[in-house]
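K.L.:
Just so it is clear, I am handing over model.csv, which has CSV, C-alpha atoms.
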chain,number,residue,atom,x,y,z
A,8,GLU,CA,95.0,-27.3,-25.9
A,9,GLU,CA,96.5,-24.3,-24.1
A,10,LEU,CA,93.7,-22.0,-25.3
A,11,PHE,CA,91.1,-24.5,-24.0
A,12,ARG,CA,92.9,-24.8,-20.7
A,13,LEU,CA,92.9,-21.0,-20.3
A,14,LEU,CA,89.2,-20.9,-21.2
A,15,VAL,CA,88.2,-23.5,-18.6
A,16,SER,CA,90.5,-22.1,-15.9
A,17,GLY,CA,88.9,-18.6,-16.3
A,18,VAL,CA,85.3,-19.7,-15.9
A,19,MET,CA,84.1,-18.4,-12.6
A,20,ASP,CA,80.4,-19.5,-12.4
A,21,TYR,CA,81.1,-23.2,-13.0
A,22,GLY,CA,83.5,-25.6,-11.2
A,23,ILE,CA,85.1,-27.5,-14.1
A,24,PHE,CA,87.7,-30.2,-13.4
A,25,VAL,CA,88.9,-33.6,-14.5
A,26,LEU,CA,89.0,-36.9,-12.5
A,27,ASP,CA,91.1,-39.9,-13.3
A,28,ARG,CA,89.5,-43.3,-13.7
A,29,THR,CA,89.4,-43.9,-10.0
A,30,GLY,CA,87.8,-40.5,-9.2
A,31,HIS,CA,90.9,-38.6,-8.1
A,32,ILE,CA,91.2,-35.0,-9.0
A,33,VAL,CA,93.6,-34.1,-11.9
A,34,THR,CA,92.7,-30.5,-12.7
A,35,TRP,CA,91.1,-27.6,-10.9
A,36,ASN,CA,89.7,-24.2,-12.2
A,37,GLU,CA,89.0,-20.9,-10.7
A,38,GLY,CA,85.2,-21.5,-10.7
A,39,ALA,CA,85.7,-24.7,-8.6
A,40,GLN,CA,87.9,-22.8,-6.1
A,41,ARG,CA,85.3,-20.0,-5.8
A,42,ILE,CA,82.4,-22.5,-5.3
A,43,LYS,CA,84.0,-25.0,-3.1
A,44,GLY,CA,86.6,-22.9,-1.3
A,45,TYR,CA,89.6,-25.2,-2.0
A,46,THR,CA,92.7,-24.2,-4.0
A,47,ALA,CA,94.3,-26.5,-6.5
A,48,GLU,CA,97.0,-27.4,-4.0
A,49,ASP,CA,94.3,-28.5,-1.6
A,50,VAL,CA,92.6,-31.0,-3.9
A,51,ILE,CA,94.9,-32.2,-6.7
A,52,GLY,CA,95.4,-36.0,-6.2
A,53,LYS,CA,92.5,-36.4,-3.7
A,54,HIS,CA,89.3,-38.3,-4.3
A,55,PHE,CA,86.3,-36.2,-5.3
A,56,SER,CA,84.2,-37.8,-2.6
A,57,MET,CA,85.7,-35.2,-0.2
A,58,PHE,CA,83.0,-32.7,-1.4
A,59,TYR,CA,80.1,-35.0,-0.4
A,60,THR,CA,78.2,-35.2,2.9
A,61,LYS,CA,79.2,-38.0,5.3
A,62,GLU,CA,75.9,-39.8,4.6
A,63,ALA,CA,76.6,-39.8,0.9
A,64,GLN,CA,80.2,-41.1,1.5
A,65,ASP,CA,79.0,-43.9,3.8
A,66,SER,CA,76.5,-45.0,1.1
A,67,ARG,CA,79.2,-45.0,-1.6
A,68,HIS,CA,77.2,-42.4,-3.6
A,69,PRO,CA,80.2,-40.9,-5.3
A,70,ASP,CA,81.4,-44.3,-6.6
A,71,LYS,CA,77.9,-45.0,-7.9
A,72,GLU,CA,77.9,-41.8,-9.9
A,73,LEU,CA,81.1,-42.9,-11.6
A,74,GLU,CA,79.7,-46.3,-12.3
A,75,ILE,CA,76.7,-44.8,-14.0
A,76,ALA,CA,78.8,-42.4,-16.0
A,77,THR,CA,81.0,-45.2,-17.1
A,78,GLU,CA,78.0,-47.4,-18.2
A,79,VAL,CA,75.9,-44.8,-19.9
A,80,GLY,CA,78.4,-42.0,-20.6
A,81,ARG,CA,76.9,-39.3,-18.4
A,82,TYR,CA,75.5,-38.8,-14.9
A,83,GLU,CA,73.5,-35.7,-13.8
A,84,GLU,CA,71.9,-34.7,-10.5
A,85,GLU,CA,71.2,-32.0,-8.0
A,86,GLY,CA,72.1,-32.4,-4.3
A,87,TRP,CA,73.9,-31.1,-1.3
A,88,ARG,CA,77.7,-30.7,-1.4
A,89,VAL,CA,80.2,-29.5,1.3
A,90,ARG,CA,82.5,-26.5,1.0
A,91,LYS,CA,86.0,-26.3,2.6
A,92,ASP,CA,84.5,-24.4,5.6
A,93,GLY,CA,82.0,-27.2,6.2
A,94,ASN,CA,78.9,-25.3,5.0
A,95,GLN,CA,76.7,-27.1,2.5
A,96,PHE,CA,75.5,-25.8,-0.9
A,97,TRP,CA,73.0,-27.0,-3.4
A,98,ALA,CA,74.9,-28.2,-6.5
A,99,SER,CA,74.0,-29.1,-10.0
A,100,VAL,CA,76.4,-31.8,-11.1
A,101,VAL,CA,77.2,-33.3,-14.5
A,102,ILE,CA,79.8,-36.1,-14.8
A,103,SER,CA,80.9,-37.2,-18.3
A,104,ALA,CA,83.0,-40.2,-19.1
A,105,MET,CA,86.1,-39.5,-21.3
A,106,HIS,CA,87.5,-42.1,-23.6
A,107,ASP,CA,90.6,-42.4,-25.8
A,108,GLY,CA,90.6,-45.1,-28.4
A,109,GLY,CA,87.6,-46.7,-26.7
A,110,GLN,CA,89.3,-46.9,-23.4
A,111,LEU,CA,88.0,-45.0,-20.3
A,112,ILE,CA,90.7,-42.5,-19.3
A,113,GLY,CA,88.8,-40.4,-16.7
A,114,PHE,CA,85.8,-38.1,-16.1
A,115,ALA,CA,85.0,-34.4,-16.7
A,116,LYS,CA,83.0,-32.9,-13.9
A,117,VAL,CA,81.0,-29.7,-14.0
A,118,THR,CA,79.5,-28.2,-10.8
A,119,ARG,CA,77.2,-25.2,-10.5
A,120,ASP,CA,76.1,-23.5,-7.2
A,121,LEU,CA,72.3,-23.3,-7.1
A,122,THR,CA,71.9,-22.6,-3.4
A,123,GLU,CA,70.1,-19.3,-3.9
A,124,ARG,CA,67.6,-20.8,-6.3
A,125,ARG,CA,67.1,-23.8,-4.0
A,126,LEU,CA,66.5,-21.6,-1.0
A,127,ALA,CA,64.0,-19.5,-3.0
A,128,GLU,CA,62.2,-22.6,-4.1
A,129,ALA,CA,62.1,-23.9,-0.5
A,130,GLN,CA,60.7,-20.6,0.7
A,131,ARG,CA,58.0,-20.6,-2.0
A,132,GLU,CA,57.1,-24.2,-1.1
A,133,GLU,CA,56.9,-23.2,2.6
A,134,ASN,CA,54.7,-20.2,1.7
A,135,ALA,CA,52.4,-22.4,-0.4
A,136,ARG,CA,52.1,-24.9,2.5
A,137,ALA,CA,51.3,-22.1,4.9
A,138,ASN,CA,48.7,-20.7,2.6
A,139,ILE,CA,47.1,-24.2,2.2
A,140,GLU,CA,47.0,-24.5,6.0
A,141,ILE,CA,45.4,-21.1,6.4
A,142,ASN,CA,42.8,-21.8,3.7
A,143,GLU,CA,41.9,-25.1,5.2
A,144,GLU,CA,41.6,-23.5,8.7
A,145,LEU,CA,39.4,-20.8,7.3
A,146,GLN,CA,37.2,-23.4,5.5
A,147,ARG,CA,36.9,-25.4,8.7
A,148,LEU,CA,36.0,-22.2,10.6
A,149,ALA,CA,33.3,-21.3,8.0
A,150,TYR,CA,32.0,-24.9,8.2
A,151,VAL,CA,31.7,-24.7,12.0
A,152,VAL,CA,30.4,-21.2,12.3
A,153,SER,CA,27.7,-21.6,9.6
A,154,HIS,CA,26.5,-24.8,11.3
A,155,GLU,CA,26.4,-23.2,14.8
A,156,LEU,CA,24.6,-20.1,13.6
A,157,GLN,CA,21.7,-21.9,12.1
A,158,ALA,CA,20.0,-22.6,15.5
A,159,PRO,CA,20.1,-19.1,17.0
A,160,ILE,CA,19.0,-17.5,13.8
A,161,SER,CA,16.1,-19.9,13.5
A,162,THR,CA,15.2,-19.0,17.1
A,163,ILE,CA,15.3,-15.2,16.4
A,164,LEU,CA,13.2,-15.7,13.3
A,165,ARG,CA,10.6,-17.9,15.0
A,166,TYR,CA,10.1,-15.5,18.0
A,167,SER,CA,10.0,-12.4,15.8
A,168,ASN,CA,7.2,-14.0,13.8
A,169,LEU,CA,5.4,-14.9,17.0
A,170,LEU,CA,5.6,-11.3,18.2
A,171,THR,CA,4.2,-10.1,14.8
A,172,VAL,CA,1.3,-12.6,14.8
A,173,ARG,CA,0.3,-12.3,18.5
A,174,TYR,CA,0.8,-8.6,19.2
A,175,GLN,CA,0.4,-7.0,15.8
A,176,ASP,CA,-2.8,-5.1,16.9
A,177,ARG,CA,-1.1,-3.8,20.1
A,178,LEU,CA,2.3,-2.8,19.0
A,179,GLY,CA,1.4,0.1,16.8
A,180,GLU,CA,2.4,1.0,13.2
A,181,ASP,CA,6.0,1.9,13.9
A,182,ALA,CA,6.6,-1.3,16.0
A,183,ASN,CA,5.0,-3.4,13.2
A,184,ASP,CA,7.3,-1.8,10.7
A,185,PHE,CA,10.3,-2.5,13.0
A,186,MET,CA,9.3,-6.1,13.4
A,187,ALA,CA,8.9,-6.5,9.6
A,188,LYS,CA,12.4,-5.2,9.1
A,189,ILE,CA,13.8,-7.5,11.8
A,190,SER,CA,12.0,-10.4,10.1
A,191,SER,CA,13.3,-9.5,6.7
A,192,SER,CA,16.9,-9.0,7.8
A,193,THR,CA,16.8,-12.2,9.8
A,194,LYS,CA,15.6,-14.1,6.7
A,195,LEU,CA,18.4,-12.7,4.7
A,196,ILE,CA,20.9,-13.7,7.4
A,197,ALA,CA,19.4,-17.2,7.4
A,198,ARG,CA,19.8,-17.4,3.6
A,199,MET,CA,23.4,-16.2,3.9
A,200,VAL,CA,24.2,-18.8,6.6
A,201,ASP,CA,22.6,-21.5,4.5
A,202,ASP,CA,24.7,-20.5,1.5
A,203,LEU,CA,27.8,-20.3,3.7
A,204,TRP,CA,27.0,-23.8,5.0
A,205,THR,CA,26.6,-25.1,1.5
A,206,TYR,CA,29.9,-23.4,0.4
A,207,ALA,CA,31.7,-24.7,3.4
A,208,ARG,CA,30.5,-28.3,2.8
A,209,ILE,CA,31.5,-28.2,-0.9
A,210,THR,CA,35.0,-26.8,-0.1
A,211,LYS,CA,35.6,-28.8,3.1
A,212,PRO,CA,39.2,-30.0,3.1
A,213,ASN,CA,39.9,-33.6,2.3
A,214,GLN,CA,36.3,-34.4,1.7
A,215,GLU,CA,35.6,-37.0,-1.0
A,216,LEU,CA,32.9,-36.1,-3.5
A,217,GLU,CA,30.1,-38.6,-3.4
A,218,GLN,CA,29.2,-39.5,-7.0
A,219,GLU,CA,26.8,-41.6,-8.9
A,220,GLN,CA,25.4,-41.7,-12.4
A,221,VAL,CA,23.1,-38.7,-12.6
A,222,TYR,CA,20.3,-38.2,-15.1
A,223,MET,CA,20.5,-34.4,-15.6
A,224,THR,CA,16.9,-34.3,-17.0
A,225,ASN,CA,15.6,-35.4,-13.6
A,226,VAL,CA,17.9,-33.0,-11.9
A,227,LEU,CA,16.5,-30.1,-13.9
A,228,ARG,CA,13.0,-31.3,-13.2
A,229,ASP,CA,13.6,-31.3,-9.5
A,230,ALA,CA,15.3,-27.8,-9.6
A,231,ILE,CA,12.3,-26.3,-11.4
A,232,ALA,CA,9.9,-28.0,-9.0
A,233,GLU,CA,11.6,-26.3,-6.0
A,234,LEU,CA,11.1,-23.0,-7.8
A,235,LYS,CA,7.4,-23.6,-8.7
A,236,ASP,CA,6.3,-20.6,-6.7
A,237,LYS,CA,8.6,-18.3,-8.7
A,238,LEU,CA,8.5,-19.9,-12.2
A,239,ASP,CA,5.9,-21.6,-14.3
A,240,ASP,CA,7.0,-24.8,-15.9
A,241,GLN,CA,5.8,-23.4,-19.3
A,242,GLU,CA,8.4,-20.7,-19.1
A,243,VAL,CA,11.2,-23.2,-19.6
A,244,THR,CA,12.2,-24.7,-22.9
A,245,ARG,CA,14.2,-27.9,-22.3
A,246,GLY,CA,16.4,-29.9,-24.5
A,247,GLU,CA,17.6,-33.4,-24.0
A,248,LEU,CA,20.1,-33.6,-21.2
A,249,PRO,CA,22.6,-36.4,-20.7
A,250,SER,CA,23.4,-38.8,-17.9
A,251,ILE,CA,26.9,-38.1,-16.3
A,252,PRO,CA,28.8,-39.0,-13.2
A,253,GLY,CA,28.5,-36.5,-10.3
A,254,ASN,CA,26.8,-35.5,-7.1
A,255,ARG,CA,23.1,-35.2,-7.7
A,256,GLN,CA,22.4,-32.8,-4.8
A,257,GLN,CA,25.0,-30.4,-6.0
A,258,PHE,CA,23.7,-30.5,-9.6
A,259,VAL,CA,20.2,-29.6,-8.3
A,260,PHE,CA,21.7,-26.6,-6.5
A,261,LEU,CA,23.6,-25.6,-9.6
A,262,PHE,CA,20.5,-25.6,-11.9
A,263,LYS,CA,18.3,-24.0,-9.2
A,264,GLU,CA,20.8,-21.2,-8.6
A,265,LEU,CA,21.2,-20.4,-12.3
A,266,ILE,CA,17.5,-20.4,-12.8
A,267,SER,CA,16.9,-18.3,-9.7
A,268,ASN,CA,19.3,-15.7,-11.0
A,269,ALA,CA,17.5,-15.5,-14.3
A,270,ILE,CA,14.2,-14.9,-12.4
A,271,LYS,CA,15.8,-12.3,-10.1
A,272,TYR,CA,17.3,-10.3,-13.0
A,273,ARG,CA,14.4,-10.5,-15.3
A,274,SER,CA,13.4,-7.8,-17.7
A,275,SER,CA,10.0,-6.2,-18.2
A,276,ALA,CA,9.1,-9.1,-20.6
A,277,PRO,CA,7.7,-12.4,-19.2
A,278,PRO,CA,10.7,-14.5,-18.2
A,279,HIS,CA,11.7,-17.4,-20.4
A,280,LEU,CA,14.6,-19.8,-20.2
A,281,TRP,CA,16.2,-22.2,-22.7
A,282,ILE,CA,18.2,-25.0,-21.1
A,283,GLU,CA,20.1,-27.6,-23.1
A,284,ALA,CA,23.3,-29.6,-23.5
A,285,ARG,CA,25.6,-30.6,-26.3
A,286,PRO,CA,28.6,-33.0,-26.5
A,287,ASP,CA,32.0,-31.6,-27.3
A,288,HIS,CA,35.3,-33.0,-28.6
A,289,ASN,CA,36.9,-33.0,-25.2
A,290,ASN,CA,34.8,-36.0,-24.0
A,291,GLY,CA,32.4,-33.8,-22.1
A,292,TRP,CA,29.2,-31.9,-22.2
A,293,VAL,CA,28.5,-28.1,-22.5
A,294,PHE,CA,25.3,-27.2,-20.6
A,295,SER,CA,23.7,-23.8,-21.2
A,296,VAL,CA,21.1,-21.8,-19.3
A,297,LYS,CA,19.9,-18.9,-21.4
A,298,ASP,CA,17.4,-16.2,-20.3
A,299,ASN,CA,15.8,-13.1,-21.7
A,300,GLY,CA,16.6,-10.9,-18.7
A,301,ILE,CA,18.3,-7.6,-18.2
A,302,GLY,CA,21.7,-8.9,-19.2
A,303,ILE,CA,25.2,-8.4,-17.6
A,304,ASP,CA,27.8,-5.8,-18.5
A,305,LYS,CA,31.1,-7.3,-19.6
A,306,VAL,CA,32.9,-5.3,-16.8
A,307,TYR,CA,31.6,-7.9,-14.4
A,308,THR,CA,33.4,-10.8,-16.2
A,309,GLY,CA,36.1,-11.2,-13.6
A,310,GLU,CA,33.9,-10.5,-10.6
A,311,ILE,CA,30.6,-12.3,-11.0
A,312,PHE,CA,31.8,-15.7,-9.6
A,313,LYS,CA,33.4,-14.2,-6.6
A,314,LEU,CA,32.0,-14.5,-3.1
A,315,TYR,CA,29.5,-11.7,-2.0
A,316,HIS,CA,29.4,-10.1,-5.5
A,317,ARG,CA,26.0,-8.7,-6.3
A,318,LEU,CA,25.0,-7.4,-9.7
A,319,LYS,CA,23.5,-3.9,-10.1
A,320,GLY,CA,20.0,-3.6,-11.3
A,321,GLY,CA,18.7,-6.7,-9.4
A,322,PRO,CA,17.2,-7.4,-5.9
A,323,GLU,CA,20.5,-6.6,-4.1
A,324,ALA,CA,18.8,-6.4,-0.7
A,325,SER,CA,17.6,-10.0,-0.9
A,326,ALA,CA,20.7,-11.5,-2.6
A,327,THR,CA,23.4,-13.2,-0.5
A,328,GLY,CA,26.1,-12.8,-3.2
A,329,MET,CA,27.2,-16.4,-2.8
A,330,GLY,CA,25.1,-18.3,-5.3
A,331,LEU,CA,27.4,-18.1,-8.3
A,332,ALA,CA,30.5,-18.6,-6.2
A,333,ILE,CA,29.0,-21.9,-5.0
A,334,CYS,CA,28.1,-22.8,-8.6
A,335,LYS,CA,31.7,-22.3,-9.6
A,336,LYS,CA,32.9,-24.5,-6.8
A,337,ILE,CA,30.4,-27.2,-7.7
A,338,VAL,CA,31.6,-27.2,-11.3
A,339,GLN,CA,35.3,-27.2,-10.2
A,340,ARG,CA,34.7,-30.1,-7.8
A,341,HIS,CA,33.5,-32.1,-10.8
A,342,ARG,CA,36.6,-31.1,-12.8
A,343,GLY,CA,34.7,-28.7,-15.1
A,344,HIS,CA,34.6,-25.0,-15.7
A,345,ILE,CA,31.8,-22.3,-15.9
A,346,TRP,CA,31.5,-19.0,-17.8
A,347,PHE,CA,28.8,-16.7,-19.2
A,348,GLU,CA,28.0,-14.6,-22.3
A,349,SER,CA,25.8,-11.6,-22.0
A,350,ALA,CA,25.2,-7.9,-22.9
A,351,PRO,CA,22.9,-5.3,-21.2
A,352,GLY,CA,19.3,-5.7,-22.4
A,353,GLN,CA,20.0,-8.9,-24.4
A,354,GLY,CA,19.7,-11.5,-21.7
A,355,SER,CA,22.4,-13.9,-20.5
A,356,THR,CA,23.6,-17.4,-21.1
A,357,PHE,CA,25.5,-19.3,-18.5
A,358,TYR,CA,27.6,-22.2,-19.7
A,359,PHE,CA,29.3,-25.0,-17.7
A,360,TRP,CA,31.4,-27.8,-19.1
A,361,LEU,CA,31.5,-31.2,-17.3
A,362,PRO,CA,33.4,-34.3,-18.2
A,363,ASN,CA,31.5,-37.4,-19.4
Output the file's structure in the form of structure tokens.
P.N.:
Amino acid sequence: EELFRLLVSGVMDYGIFVLDRTGHIVTWNEGAQRIKGYTAEDVIGKHFSMFYTKEAQDSRHPDKELEIATEVGRYEEEGWRVRKDGNQFWASVVISAMHDGGQLIGFAKVTRDLTERRLAEAQREENARANIEINEELQRLAYVVSHELQAPISTILRYSNLLTVRYQDRLGEDANDFMAKISSSTKLIARMVDDLWTYARITKPNQELEQEQVYMTNVLRDAIAELKDKLDDQEVTRGELPSIPGNRQQFVFLFKELISNAIKYRSSAPPHLWIEARPDHNNGWVFSVKDNGIGIDKVYTGEIFKLYHRLKGGPEASATGMGLAICKKIVQRHRGHIWFESAPGQGSTFYFWLPN
């Protein structure tokens, strides 16, 4: 008993003390004095509720702790406690009922000061909230800017085309070349704004995803139809595609972008795509879009789905660098994930998994 008393009294990181059946303090160790600031003479014989905030005392919280410990044998919580100097600290508390011959004789109470951990967690939570607010503000800004830029860009493109058509014979070769470059650059900016508008709509904060039962075979048909000036229908081998819940418009964009990339990064051979889907054991479907293009080096694995990333060896000047980032967001909005397998010169296969 004396060895155990010496062991407990010497513990510095934990406040360990005994209460009688009514909650009055019977013993006090060095750890309790270091954490709470009271000496043994200050607290022996006093009720342990003295360490609680006034609100906790008024609500009889200390008594409720003892009632629970008496009923189930143990009570455990984390909460604010008060030191001798009036400052509060975040405490981890365990109260265990002690019995002798089946009779309750008191309680053992162990307290640990976790204030530093609590403050660090609070700072992390605050930083996370701040980051969320910043991201939402940036998304709102992208949404508004991309919307507002569409009209002036359309005006620039329209009037530059009018200048080219009406005054082509009078401007001279250099001026015609300048107008062609203005028109080409404006078209690229227009595509970038369109993609930014799409990206902003998909990632718009607090926006519900409108869903319906979507027949993916029809979605693929519409995506290919929108690309008819770039791709012959005979150049696509299609498997049976399922019907799944989702946003039809976003699925059309997803297939259209993956197919467009296959066309952009084609090899010298005539392009061909293989598109199919198979069920998996996770109650979902794995879709694949395979091509016979130039392929992708594995060094781009961590970069390819980032905003404004453009692959080498393709039409970089006409690519916005946003298509695959939008595809990733679409798949994520539908609680899925997307990846690819490829090697230079061996074509690429883009996979995306969607829940059924």
K.L.:
What's around region 335-340 of chain A at 8 Å? Count all atoms listed in the file, leave out sequence neighbours fewer than 2 positions away in its own chain, and write the answer as a list in words.
P.N.:
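Contacts, with the query itself left out: Tyr206, Ile209, Thr210, Leu216, Gln257, Phe258, Leu261, Phe312, Leu331, Ala332, Ile333, Arg342, Gly343, His344, Ile345, Phe359, Trp360 and Leu361 of chain A.
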K.L.:
Let me see the file: selected residues, C-alpha atoms, as a PDB file, in the coordinates of the input.
P.N.:
ATOM      1  CA  TYR A 206      29.900 -23.400   0.400  1.00  0.00           C
ATOM      2  CA  ILE A 209      31.500 -28.200  -0.900  1.00  0.00           C
ATOM      3  CA  THR A 210      35.000 -26.800  -0.100  1.00  0.00           C
ATOM      4  CA  LEU A 216      32.900 -36.100  -3.500  1.00  0.00           C
ATOM      5  CA  GLN A 257      25.000 -30.400  -6.000  1.00  0.00           C
ATOM      6  CA  PHE A 258      23.700 -30.500  -9.600  1.00  0.00           C
ATOM      7  CA  LEU A 261      23.600 -25.600  -9.600  1.00  0.00           C
ATOM      8  CA  PHE A 312      31.800 -15.700  -9.600  1.00  0.00           C
ATOM      9  CA  LEU A 331      27.400 -18.100  -8.300  1.00  0.00           C
ATOM     10  CA  ALA A 332      30.500 -18.600  -6.200  1.00  0.00           C
ATOM     11  CA  ILE A 333      29.000 -21.900  -5.000  1.00  0.00           C
ATOM     12  CA  ARG A 342      36.600 -31.100 -12.800  1.00  0.00           C
ATOM     13  CA  GLY A 343      34.700 -28.700 -15.100  1.00  0.00           C
ATOM     14  CA  HIS A 344      34.600 -25.000 -15.700  1.00  0.00           C
ATOM     15  CA  ILE A 345      31.800 -22.300 -15.900  1.00  0.00           C
ATOM     16  CA  PHE A 359      29.300 -25.000 -17.700  1.00  0.00           C
ATOM     17  CA  TRP A 360      31.400 -27.800 -19.100  1.00  0.00           C
ATOM     18  CA  LEU A 361      31.500 -31.200 -17.300  1.00  0.00           C
TER      19      LEU A 361
END
K.L.:
I'd like the interatomic distance between CA of Cys334 (chain A) and CA of Val296 (chain A), to a tenth of an Å.
P.N.:
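Rounded to one decimal, the two atoms are 12.8 Å apart.
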K.L.:
Residues within 9 Å of (14.5, -14.0, 11.6), file coordinates, counting only C-alpha atoms: what are they? Give the list as a count of residues only.
P.N.:
18
K.L.:
Using only C-alpha atoms, which of A:Val33, A:Val259, A:Ile301, A:Leu227 sits nearest Arg273 (chain A)?
P.N.:
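Answer, going by the shortest atom-to-atom distance: A:Ile301.
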K.L.:
Compile the contact shell of region 91-95 of chain A as an NGL selection string: residues with an atom at most 12 Å away, counting all atoms listed in the file, same-chain residues fewer than 5 positions apart removed.
P.N.:
:A and (39-46 or 49-50 or 57-61 or 86 or 120-122)
K.L.:
So, with all atoms listed in the file as the atoms that count, which of A:Trp97, A:Tyr222, A:Tyr272, A:Trp281 lies closest to Gly246 (chain A)?
P.N.:
A:Trp281
K.L.:
From the options A:Ala230, A:Tyr150, A:Asp298, A:Pro351, which residue's atoms come nearest to Thr205 (chain A), counting only C-alpha atoms?
P.N.:
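Using only C-alpha atoms, Thr205 (chain A) sits closest to A:Tyr150.
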K.L.:
Mind giving me the straight-line distance from CA of Val25 (chain A) to CA of Glu84 (chain A) in Å, one decimal?
P.N.:
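CA of Glu84 (chain A) lies 17.5 Å from CA of Val25 (chain A).
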K.L.:
Taking (79.7, -45.7, -18.7) in the coordinates of the supplied file, I want to know which residues reach to within 12 Å of it, counting only C-alpha atoms; could you give the answer as an MDAnalysis selection string?
P.N.:
chainID A and resid 28 71:82 102:106 109:114
K.L.:
Please produce a file of the residues just selected, as a PDB file, keeping the file's coordinate frame, where the atoms kept are C-alpha atoms.
P.N.:
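Once written, part.pdb looks like this:
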ATOM      1  CA  ARG A  28      89.500 -43.300 -13.700  1.00  0.00           C
ATOM      2  CA  LYS A  71      77.900 -45.000  -7.900  1.00  0.00           C
ATOM      3  CA  GLU A  72      77.900 -41.800  -9.900  1.00  0.00           C
ATOM      4  CA  LEU A  73      81.100 -42.900 -11.600  1.00  0.00           C
ATOM      5  CA  GLU A  74      79.700 -46.300 -12.300  1.00  0.00           C
ATOM      6  CA  ILE A  75      76.700 -44.800 -14.000  1.00  0.00           C
ATOM      7  CA  ALA A  76      78.800 -42.400 -16.000  1.00  0.00           C
ATOM      8  CA  THR A  77      81.000 -45.200 -17.100  1.00  0.00           C
ATOM      9  CA  GLU A  78      78.000 -47.400 -18.200  1.00  0.00           C
ATOM     10  CA  VAL A  79      75.900 -44.800 -19.900  1.00  0.00           C
ATOM     11  CA  GLY A  80      78.400 -42.000 -20.600  1.00  0.00           C
ATOM     12  CA  ARG A  81      76.900 -39.300 -18.400  1.00  0.00           C
ATOM     13  CA  TYR A  82      75.500 -38.800 -14.900  1.00  0.00           C
ATOM     14  CA  ILE A 102      79.800 -36.100 -14.800  1.00  0.00           C
ATOM     15  CA  SER A 103      80.900 -37.200 -18.300  1.00  0.00           C
ATOM     16  CA  ALA A 104      83.000 -40.200 -19.100  1.00  0.00           C
ATOM     17  CA  MET A 105      86.100 -39.500 -21.300  1.00  0.00           C
ATOM     18  CA  HIS A 106      87.500 -42.100 -23.600  1.00  0.00           C
ATOM     19  CA  GLY A 109      87.600 -46.700 -26.700  1.00  0.00           C
ATOM     20  CA  GLN A 110      89.300 -46.900 -23.400  1.00  0.00           C
ATOM     21  CA  LEU A 111      88.000 -45.000 -20.300  1.00  0.00           C
ATOM     22  CA  ILE A 112      90.700 -42.500 -19.300  1.00  0.00           C
ATOM     23  CA  GLY A 113      88.800 -40.400 -16.700  1.00  0.00           C
ATOM     24  CA  PHE A 114      85.800 -38.100 -16.100  1.00  0.00           C
TER      25      PHE A 114
END
K.L.:
Work out how far CA of Ala350 (chain A) is from CA of Asp304 (chain A), in Å to one decimal.
P.N.:
5.5 Å
K.L.:
Pick out the closest residue to Asp20 (chain A) from this set: A:Thr118, A:Asp70, A:Glu283, A:Gly52. Count only C-alpha atoms.
P.N.:
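Comparing A:Thr118, A:Asp70, A:Glu283, A:Gly52 against Asp20 (chain A), the winner is A:Thr118.
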K.L.:
Tell me which of A:Asp229, A:Asp27, A:Glu143, A:Glu132 sits closest to Ala207 (chain A), counting only C-alpha atoms.
P.N.:
A:Glu143
K.L.:
So which residues touch Gly302 (chain A) within 10 Å, counting all atoms listed in the file, skipping near sequence neighbours fewer than 6 positions away, as a list in words?
P.N.:
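Selected residues are Ala269, Tyr272, Arg273, Ser274, Gly320, Glu348, Ser349, Ala350, Pro351, Gly352, Gln353, Gly354, Ser355 and Thr356 of chain A.
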K.L.:
Which one of A:Asp65, A:Glu215, A:Met329, A:Pro252 sits closest to Lys313 (chain A) if you count all atoms listed in the file?
P.N.:
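Closest residue, counting all atoms listed in the file: A:Met329.
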K.L.:
Skipping near chain neighbours, those fewer than 2 positions away, what residues fall within 9 Å of Ile251 (chain A) using all atoms listed in the file, listed as a list in words?
P.N.:
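The filter keeps Glu219, Gln220, Val221, Tyr222, Met223, Pro249, Gly253, Trp292, Leu361, Pro362 and Asn363 of chain A.
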